[in-house]
$ cat work_22.csv   # CSV, C-alpha atoms
chain,number,residue,atom,x,y,z
A,1,MET,CA,41.2,-26.1,49.6
A,2,HIS,CA,37.6,-26.6,48.4
A,3,TYR,CA,36.3,-30.0,49.3
A,4,TYR,CA,33.6,-31.7,47.1
A,5,VAL,CA,31.7,-34.3,49.2
A,6,ILE,CA,31.2,-37.7,47.6
A,7,GLU,CA,27.9,-39.7,48.0
A,8,ASP,CA,29.2,-42.4,50.3
A,9,ARG,CA,26.3,-44.8,50.7
A,10,CYS,CA,28.1,-47.3,48.5
A,11,LEU,CA,31.6,-46.3,47.8
A,12,SER,CA,33.5,-48.0,45.1
A,13,PRO,CA,36.6,-50.1,46.0
A,14,SER,CA,38.8,-47.4,44.6
A,15,TRP,CA,38.3,-45.4,47.8
A,16,PHE,CA,39.9,-48.2,49.8
A,17,TYR,CA,42.5,-49.5,47.4
A,18,GLY,CA,44.8,-48.2,44.7
A,19,SER,CA,45.2,-44.6,43.3
A,20,LYS,CA,43.1,-41.7,44.5
A,21,VAL,CA,43.9,-39.5,41.5
A,22,ALA,CA,41.4,-39.6,38.6
A,23,GLU,CA,39.4,-37.5,36.3
A,24,ILE,CA,35.7,-36.7,36.6
A,25,ASP,CA,34.1,-39.0,34.0
A,26,HIS,CA,31.6,-38.0,31.3
A,27,LEU,CA,28.8,-38.9,33.8
A,28,GLY,CA,30.1,-36.4,36.3
A,29,ARG,CA,31.3,-39.1,38.6
A,30,PHE,CA,34.6,-39.5,40.4
A,31,LEU,CA,36.2,-42.9,41.1
A,32,GLY,CA,32.8,-44.4,40.2
A,33,ASN,CA,30.8,-42.4,42.7
A,34,ASP,CA,28.4,-39.5,42.5
A,35,PHE,CA,29.0,-36.2,44.2
A,36,MET,CA,26.5,-35.1,46.8
A,37,PRO,CA,23.8,-33.0,45.2
A,38,GLY,CA,23.8,-29.2,45.5
A,39,GLN,CA,27.6,-28.7,44.8
A,40,ASP,CA,29.1,-26.7,41.9
A,41,VAL,CA,31.2,-29.7,40.7
A,42,PRO,CA,34.0,-29.1,38.2
A,43,PRO,CA,33.4,-30.2,34.6
A,44,SER,CA,34.2,-33.7,33.2
A,45,GLY,CA,37.9,-34.3,32.6
A,46,THR,CA,39.0,-32.3,35.7
A,47,LYS,CA,41.7,-34.2,37.6
A,48,MET,CA,40.7,-34.7,41.2
A,49,VAL,CA,42.3,-36.2,44.3
A,50,GLY,CA,40.2,-38.3,46.6
A,51,MET,CA,40.7,-38.2,50.3
A,52,TRP,CA,38.9,-38.6,53.7
A,53,ARG,CA,38.2,-35.4,55.4
A,54,LYS,CA,36.4,-34.6,58.7
A,55,LEU,CA,34.0,-31.8,57.9
A,56,PRO,CA,32.6,-29.3,60.4
A,57,GLY,CA,29.9,-30.7,62.5
A,58,GLU,CA,30.6,-34.3,61.6
A,59,ALA,CA,31.8,-37.0,63.9
A,60,SER,CA,33.6,-39.1,61.3
A,61,PRO,CA,35.5,-38.4,58.1
A,62,SER,CA,33.7,-38.2,54.8
A,63,ALA,CA,34.8,-39.1,51.3
A,64,CYS,CA,35.8,-35.9,49.5
A,65,ALA,CA,37.6,-34.8,46.4
A,66,VAL,CA,39.7,-31.7,45.6
A,67,THR,CA,41.1,-30.6,42.3
A,68,LEU,CA,44.6,-31.8,41.6
A,69,GLU,CA,45.6,-28.1,41.1
A,70,ASP,CA,44.3,-27.1,44.5
A,71,PHE,CA,45.9,-30.2,46.1
A,72,GLU,CA,49.4,-29.5,44.6
A,73,ALA,CA,49.2,-25.8,45.4
A,74,ASN,CA,48.3,-26.7,49.1
A,75,GLU,CA,51.3,-29.1,49.1
A,76,ARG,CA,53.6,-26.3,47.9
A,77,ARG,CA,52.3,-24.0,50.6
A,78,GLU,CA,52.7,-26.6,53.3
A,79,ARG,CA,56.3,-27.3,52.2
A,80,ALA,CA,57.1,-23.6,52.1
A,81,SER,CA,55.7,-23.2,55.6
A,82,GLN,CA,57.6,-26.2,57.0
A,83,GLU,CA,60.9,-24.9,55.4
A,84,ALA,CA,60.3,-21.4,56.8
A,85,ALA,CA,59.6,-22.9,60.2
A,86,ALA,CA,62.8,-25.0,60.0
A,87,ALA,CA,64.8,-22.0,58.9
A,88,ALA,CA,63.5,-20.0,61.8
A,89,GLU,CA,64.3,-22.8,64.2
A,90,ARG,CA,67.8,-23.0,62.9
A,91,GLU,CA,68.2,-19.3,63.3
A,92,ARG,CA,67.0,-19.4,66.9
A,93,GLU,CA,69.3,-22.3,67.7
A,94,ALA,CA,72.3,-20.5,66.0
A,95,LYS,CA,71.5,-17.3,68.0
A,96,LYS,CA,71.1,-19.4,71.2
A,97,GLU,CA,74.5,-21.1,70.6
A,98,SER,CA,76.2,-17.9,69.8
A,99,GLU,CA,75.0,-16.3,73.0
A,100,SER,CA,76.1,-19.4,74.9
A,101,ASN,CA,79.5,-19.3,73.3
A,102,GLU,CA,79.9,-15.6,74.2
A,103,ARG,CA,79.0,-16.3,77.9
A,104,ALA,CA,81.3,-19.3,78.0
A,105,GLY,CA,84.2,-17.4,76.3
A,106,ALA,CA,83.8,-14.5,78.6
A,107,PHE,CA,83.9,-16.7,81.7
A,108,ASN,CA,86.9,-18.7,80.4
A,109,GLY,CA,88.7,-15.5,79.6
A,110,THR,CA,88.6,-14.6,83.3
A,111,LEU,CA,90.7,-17.7,84.2
A,112,PRO,CA,94.3,-16.5,84.7
A,113,ILE,CA,96.0,-19.4,82.9
A,114,PRO,CA,99.3,-18.1,81.3
A,115,VAL,CA,99.5,-20.8,78.6
A,116,ARG,CA,97.3,-22.0,75.8
A,117,TRP,CA,94.5,-24.3,76.9
A,118,ASP,CA,91.1,-25.6,75.8
A,119,PRO,CA,88.0,-27.0,77.6
A,120,ALA,CA,87.9,-30.8,77.7
A,121,PHE,CA,86.1,-33.6,79.5
A,122,LYS,CA,87.4,-36.9,80.9
A,123,VAL,CA,86.3,-39.9,78.8
A,124,SER,CA,84.5,-42.7,80.6
A,125,VAL,CA,84.8,-46.0,78.7
A,126,ASN,CA,81.4,-47.2,79.9
A,127,ALA,CA,79.8,-44.0,78.6
A,128,CYS,CA,81.1,-44.6,75.0
A,129,GLY,CA,77.9,-46.3,74.0
A,130,ARG,CA,75.9,-43.1,74.8
A,131,SER,CA,76.4,-39.4,74.1
A,132,TYR,CA,77.0,-40.2,70.4
A,133,GLY,CA,80.0,-42.4,71.4
A,134,SER,CA,82.0,-39.5,72.7
A,135,GLY,CA,82.5,-41.0,76.1
A,136,ALA,CA,81.1,-38.0,78.0
A,137,ARG,CA,78.9,-38.8,81.0
A,138,SER,CA,75.6,-37.0,81.3
A,139,LYS,CA,76.9,-35.0,84.3
A,140,ALA,CA,80.5,-34.7,83.2
A,141,VAL,CA,82.3,-31.5,84.2
A,142,ASP,CA,84.5,-29.5,81.8
A,143,HIS,CA,88.2,-29.2,82.6
A,144,VAL,CA,91.1,-27.1,81.6
A,145,LEU,CA,93.2,-29.1,79.1
A,146,LEU,CA,96.7,-27.5,78.8
A,147,ARG,CA,98.2,-27.2,75.4
A,148,GLU,CA,101.6,-26.1,76.7
A,149,ASP,CA,103.8,-26.9,79.7
A,150,LEU,CA,102.9,-24.9,82.8
A,151,THR,CA,105.1,-24.2,85.8
A,152,VAL,CA,104.0,-21.7,88.4
A,153,GLY,CA,105.3,-22.3,91.9
A,154,ARG,CA,104.6,-25.8,93.0
A,155,ILE,CA,102.1,-26.3,90.2
A,156,LYS,CA,103.7,-28.2,87.4
A,157,ARG,CA,101.9,-29.6,84.4
A,158,LYS,CA,102.8,-30.8,81.0
A,159,ALA,CA,101.0,-30.2,77.7
A,160,GLY,CA,98.1,-32.6,77.5
A,161,ASP,CA,97.5,-32.6,81.3
A,162,LEU,CA,94.4,-31.3,82.9
A,163,LEU,CA,95.0,-28.4,85.3
A,164,CYS,CA,93.5,-30.4,88.1
A,165,GLU,CA,95.1,-33.7,87.2
A,166,PRO,CA,98.5,-34.6,85.8
A,167,SER,CA,98.7,-37.4,83.2
A,168,PRO,CA,94.9,-38.2,82.9
A,169,GLU,CA,94.2,-41.5,81.3
A,170,TRP,CA,91.9,-40.3,78.5
A,171,VAL,CA,90.5,-36.8,77.8
A,172,ASN,CA,88.7,-35.4,74.8
A,173,ASP,CA,88.5,-31.8,73.7
A,174,TYR,CA,85.5,-30.4,71.9
A,175,ASP,CA,85.2,-29.2,68.3
A,176,ARG,CA,85.6,-25.4,67.9
A,177,LYS,CA,82.0,-24.7,66.9
A,178,LYS,CA,80.9,-24.5,70.6
A,179,VAL,CA,82.7,-23.0,73.6
A,180,TYR,CA,82.2,-24.8,76.9
A,181,PRO,CA,82.7,-23.0,80.2
A,182,VAL,CA,85.0,-24.6,82.7
A,183,THR,CA,82.9,-26.3,85.4
A,184,CYS,CA,85.4,-28.4,87.2
A,185,ARG,CA,85.7,-27.0,90.7
A,186,ARG,CA,89.3,-28.2,91.2
A,187,CYS,CA,90.4,-26.6,87.9
A,188,LYS,CA,88.8,-23.3,88.9
A,189,GLN,CA,90.4,-23.4,92.4
A,190,MET,CA,93.8,-24.0,90.8
A,191,ALA,CA,93.3,-21.2,88.4
A,192,GLU,CA,92.7,-18.9,91.4
A,193,ARG,CA,96.0,-20.2,92.9
A,194,LEU,CA,97.7,-19.2,89.6
A,195,ARG,CA,96.3,-15.7,90.1
A,196,LYS,CA,97.6,-15.5,93.6
A,197,GLY,CA,100.9,-17.1,92.6

$ encode --input "work_22.csv" --output "structure tokens"
Amino acid sequence: MHYYVIEDRCLSPSWFYGSKVAEIDHLGRFLGNDFMPGQDVPPSGTKMVGMWRKLPGEASPSACAVTLEDFEANERRERASQEAAAAAEREREAKKESESNERAGAFNGTLPIPVRWDPAFKVSVNACGRSYGSGARSKAVDHVLLREDLTVGRIKRKAGDLLCEPSPEWVNDYDRKKVYPVTCRRCKQMAERLRKG
């Protein structure tokens, strides 16, 4: 944007209160103030926007004006830039989550569990006020939540049990948008027992 510097020795109250959008008047003034000499100022009737701007080489901001047309065009550019940045960030996050899901799915696929199951965590009542109310502790591990009864040797679990713990008090499975790798050491150990059994 092109900034037109205002003579600021005695600024009108309009610079401190009220609207900063006005037309250049018939005397070539904006908001009751003259422009600094030596500038190619737009003609009378041009709508301008007043603002404070720190110019190169100056220690403090100066009173300036830009045309309303330039101001609105700059606003559109900034919005488009912000939207593009947000879209790129969403794309990066989606790619990151997709890669994380692939790694988690590949790991979970190596667990030799012969019935349907999903990752889940044990709910802690005193953690329900945090973690968006899910009840997940910050260092919670992810378990194997059985969806069907399982009987292999001496291992007997019912649907709804964790592989590492029969009849848990309260568990919560995740939504299906994200895949969580099993991190419970006991669940993984018992999965290896299933492999050997």

$ closest_residue --input "work_22.csv" --among "A:Arg9, A:His2, A:Lys178, A:Lys122" --to "Ala94 in chain A" --atoms "only C-alpha atoms"
A:Lys178

$ atom_distance --input "work_22.csv" --atom1 "CA of Gly109 in chain A" --atom2 "CA of Tyr180 in chain A"
11.7 Å

$ closest_residue --input "work_22.csv" --among "A:Pro119, A:Pro61, A:Pro43, A:Pro168" --to "Arg29 in chain A" --atoms "only C-alpha atoms"
A:Pro43

$ atom_distance --input "work_22.csv" --atom1 "CA of Val182 in chain A" --atom2 "CA of Asp142 in chain A"
5.0 Å

$ atom_distance --input "work_22.csv" --atom1 "CA of Ala140 in chain A" --atom2 "CA of Ala104 in chain A"
16.3 Å

$ closest_residue --input "work_22.csv" --among "A:Ala22, A:Leu145, A:Ala63, A:Ile6" --to "Gln39 in chain A" --atoms "all atoms listed in the file"
A:Ile6

$ closest_residue --input "work_22.csv" --among "A:Leu194, A:Ile113, A:Val49, A:Ala87" --to "Cys64 in chain A" --atoms "all atoms listed in the file"
A:Val49

$ residues_around --input "work_22.csv" --residues "Leu68 in chain A" --least-positions-apart "4" --cutoff "10 Å" --atoms "all atoms listed in the file" --output "PDB file with C-alpha atoms, in the coordinates of the input"
ATOM      1  CA  VAL A  21      43.900 -39.500  41.500  1.00  0.00           C
ATOM      2  CA  ALA A  22      41.400 -39.600  38.600  1.00  0.00           C
ATOM      3  CA  GLU A  23      39.400 -37.500  36.300  1.00  0.00           C
ATOM      4  CA  THR A  46      39.000 -32.300  35.700  1.00  0.00           C
ATOM      5  CA  LYS A  47      41.700 -34.200  37.600  1.00  0.00           C
ATOM      6  CA  MET A  48      40.700 -34.700  41.200  1.00  0.00           C
ATOM      7  CA  VAL A  49      42.300 -36.200  44.300  1.00  0.00           C
ATOM      8  CA  GLY A  50      40.200 -38.300  46.600  1.00  0.00           C
ATOM      9  CA  GLU A  72      49.400 -29.500  44.600  1.00  0.00           C
ATOM     10  CA  ALA A  73      49.200 -25.800  45.400  1.00  0.00           C
ATOM     11  CA  ASN A  74      48.300 -26.700  49.100  1.00  0.00           C
TER      12      ASN A  74
END

$ closest_residue --input "work_22.csv" --among "A:Leu111, A:Ala88, A:Leu150, A:Val5" --to "Lys54 in chain A" --atoms "all atoms listed in the file"
A:Val5

$ closest_residue --input "work_22.csv" --among "A:Val179, A:Lys158, A:Pro112, A:Ala84" --to "Ser100 in chain A" --atoms "all atoms listed in the file"
A:Val179

$ residues_around --input "work_22.csv" --residues "Glu169 in chain A" --least-positions-apart "2" --cutoff "10 Å" --atoms "all atoms listed in the file" --output "ChimeraX atom specification"
/A:122-124,161,165-167,171

$ residues_around --input "work_22.csv" --residues "Met190 in chain A" --least-positions-apart "4" --cutoff "8 Å" --atoms "all atoms listed in the file" --output "PDB file with C-alpha atoms, in the coordinates of the input"
ATOM      1  CA  LEU A 163      95.000 -28.400  85.300  1.00  0.00           C
ATOM      2  CA  CYS A 164      93.500 -30.400  88.100  1.00  0.00           C
ATOM      3  CA  ARG A 186      89.300 -28.200  91.200  1.00  0.00           C
ATOM      4  CA  LEU A 194      97.700 -19.200  89.600  1.00  0.00           C
TER       5      LEU A 194
END

$ build_atoms --input "work_22.csv" --residues "range 162-173 of chain A" --atoms "all heavy atoms" --output "mmCIF file, in the frame of the given file"
data_model
loop_
_atom_site.group_PDB
_atom_site.id
_atom_site.type_symbol
_atom_site.label_atom_id
_atom_site.label_comp_id
_atom_site.auth_asym_id
_atom_site.auth_seq_id
_atom_site.Cartn_x
_atom_site.Cartn_y
_atom_site.Cartn_z
ATOM 1 N N LEU A 162 95.473 -32.157 82.433
ATOM 2 C CA LEU A 162 94.400 -31.300 82.900
ATOM 3 C C LEU A 162 95.021 -30.424 84.024
ATOM 4 O O LEU A 162 95.957 -30.838 84.711
ATOM 5 C CB LEU A 162 93.258 -32.102 83.490
ATOM 6 C CG LEU A 162 92.523 -33.018 82.500
ATOM 7 C CD1 LEU A 162 91.433 -33.801 83.229
ATOM 8 C CD2 LEU A 162 91.950 -32.240 81.344
ATOM 9 N N LEU A 163 94.492 -29.234 84.199
ATOM 10 C CA LEU A 163 95.000 -28.400 85.300
ATOM 11 C C LEU A 163 94.830 -29.031 86.613
ATOM 12 O O LEU A 163 95.686 -28.929 87.493
ATOM 13 C CB LEU A 163 94.302 -27.005 85.226
ATOM 14 C CG LEU A 163 94.809 -25.957 86.209
ATOM 15 C CD1 LEU A 163 96.304 -25.693 86.018
ATOM 16 C CD2 LEU A 163 94.007 -24.658 86.066
ATOM 17 N N CYS A 164 93.745 -29.758 86.809
ATOM 18 C CA CYS A 164 93.500 -30.400 88.100
ATOM 19 C C CYS A 164 94.074 -31.763 88.253
ATOM 20 O O CYS A 164 94.012 -32.348 89.319
ATOM 21 C CB CYS A 164 91.948 -30.470 88.306
ATOM 22 S SG CYS A 164 91.146 -31.601 87.142
ATOM 23 N N GLU A 165 94.640 -32.299 87.162
ATOM 24 C CA GLU A 165 95.100 -33.700 87.200
ATOM 25 C C GLU A 165 96.250 -33.919 86.228
ATOM 26 O O GLU A 165 96.025 -33.823 85.015
ATOM 27 C CB GLU A 165 93.962 -34.644 86.933
ATOM 28 C CG GLU A 165 94.348 -36.099 86.971
ATOM 29 C CD GLU A 165 93.191 -37.003 86.564
ATOM 30 O OE1 GLU A 165 92.032 -36.536 86.546
ATOM 31 O OE2 GLU A 165 93.451 -38.175 86.255
ATOM 32 N N PRO A 166 97.431 -34.239 86.701
ATOM 33 C CA PRO A 166 98.500 -34.600 85.800
ATOM 34 C C PRO A 166 98.306 -35.966 85.172
ATOM 35 O O PRO A 166 97.761 -36.855 85.819
ATOM 36 C CB PRO A 166 99.769 -34.533 86.645
ATOM 37 C CG PRO A 166 99.266 -34.828 88.018
ATOM 38 C CD PRO A 166 97.874 -34.262 88.095
ATOM 39 N N SER A 167 98.720 -36.121 83.915
ATOM 40 C CA SER A 167 98.700 -37.400 83.200
ATOM 41 C C SER A 167 97.328 -38.118 83.323
ATOM 42 O O SER A 167 97.236 -39.267 83.784
ATOM 43 C CB SER A 167 99.769 -38.342 83.774
ATOM 44 O OG SER A 167 101.030 -37.733 83.657
ATOM 45 N N PRO A 168 96.234 -37.470 82.903
ATOM 46 C CA PRO A 168 94.900 -38.200 82.900
ATOM 47 C C PRO A 168 94.953 -39.309 81.923
ATOM 48 O O PRO A 168 95.668 -39.266 80.918
ATOM 49 C CB PRO A 168 93.946 -37.073 82.506
ATOM 50 C CG PRO A 168 94.767 -36.131 81.688
ATOM 51 C CD PRO A 168 96.144 -36.135 82.286
ATOM 52 N N GLU A 169 94.160 -40.342 82.201
ATOM 53 C CA GLU A 169 94.200 -41.500 81.300
ATOM 54 C C GLU A 169 93.657 -41.186 79.921
ATOM 55 O O GLU A 169 94.249 -41.564 78.926
ATOM 56 C CB GLU A 169 93.323 -42.632 81.929
ATOM 57 C CG GLU A 169 93.984 -43.297 83.128
ATOM 58 C CD GLU A 169 93.215 -44.509 83.601
ATOM 59 O OE1 GLU A 169 92.242 -44.901 82.915
ATOM 60 O OE2 GLU A 169 93.571 -45.064 84.636
ATOM 61 N N TRP A 170 92.539 -40.509 79.855
ATOM 62 C CA TRP A 170 91.900 -40.300 78.500
ATOM 63 C C TRP A 170 91.055 -39.039 78.607
ATOM 64 O O TRP A 170 90.117 -38.992 79.404
ATOM 65 C CB TRP A 170 91.129 -41.484 78.117
ATOM 66 C CG TRP A 170 90.769 -41.525 76.665
ATOM 67 C CD1 TRP A 170 91.212 -40.718 75.663
ATOM 68 C CD2 TRP A 170 89.869 -42.440 76.043
ATOM 69 N NE1 TRP A 170 90.677 -41.064 74.472
ATOM 70 C CE2 TRP A 170 89.839 -42.121 74.668
ATOM 71 C CE3 TRP A 170 89.097 -43.495 76.505
ATOM 72 C CZ2 TRP A 170 89.061 -42.822 73.755
ATOM 73 C CZ3 TRP A 170 88.315 -44.199 75.593
ATOM 74 C CH2 TRP A 170 88.304 -43.873 74.231
ATOM 75 N N VAL A 171 91.366 -38.040 77.809
ATOM 76 C CA VAL A 171 90.500 -36.800 77.800
ATOM 77 C C VAL A 171 90.165 -36.563 76.309
ATOM 78 O O VAL A 171 90.799 -37.067 75.386
ATOM 79 C CB VAL A 171 91.230 -35.606 78.363
ATOM 80 C CG1 VAL A 171 91.503 -35.809 79.835
ATOM 81 C CG2 VAL A 171 92.512 -35.278 77.606
ATOM 82 N N ASN A 172 89.153 -35.761 76.132
ATOM 83 C CA ASN A 172 88.700 -35.400 74.800
ATOM 84 C C ASN A 172 88.342 -33.941 74.767
ATOM 85 O O ASN A 172 87.565 -33.477 75.602
ATOM 86 C CB ASN A 172 87.469 -36.262 74.420
ATOM 87 C CG ASN A 172 87.145 -36.185 72.943
ATOM 88 O OD1 ASN A 172 87.808 -35.474 72.184
ATOM 89 N ND2 ASN A 172 86.135 -36.919 72.533
ATOM 90 N N ASP A 173 88.907 -33.200 73.830
ATOM 91 C CA ASP A 173 88.500 -31.800 73.700
ATOM 92 C C ASP A 173 87.379 -31.706 72.689
ATOM 93 O O ASP A 173 87.118 -32.631 71.922
ATOM 94 C CB ASP A 173 89.697 -30.922 73.280
ATOM 95 C CG ASP A 173 90.318 -31.375 71.970
ATOM 96 O OD1 ASP A 173 90.048 -32.506 71.552
ATOM 97 O OD2 ASP A 173 91.063 -30.593 71.372
#
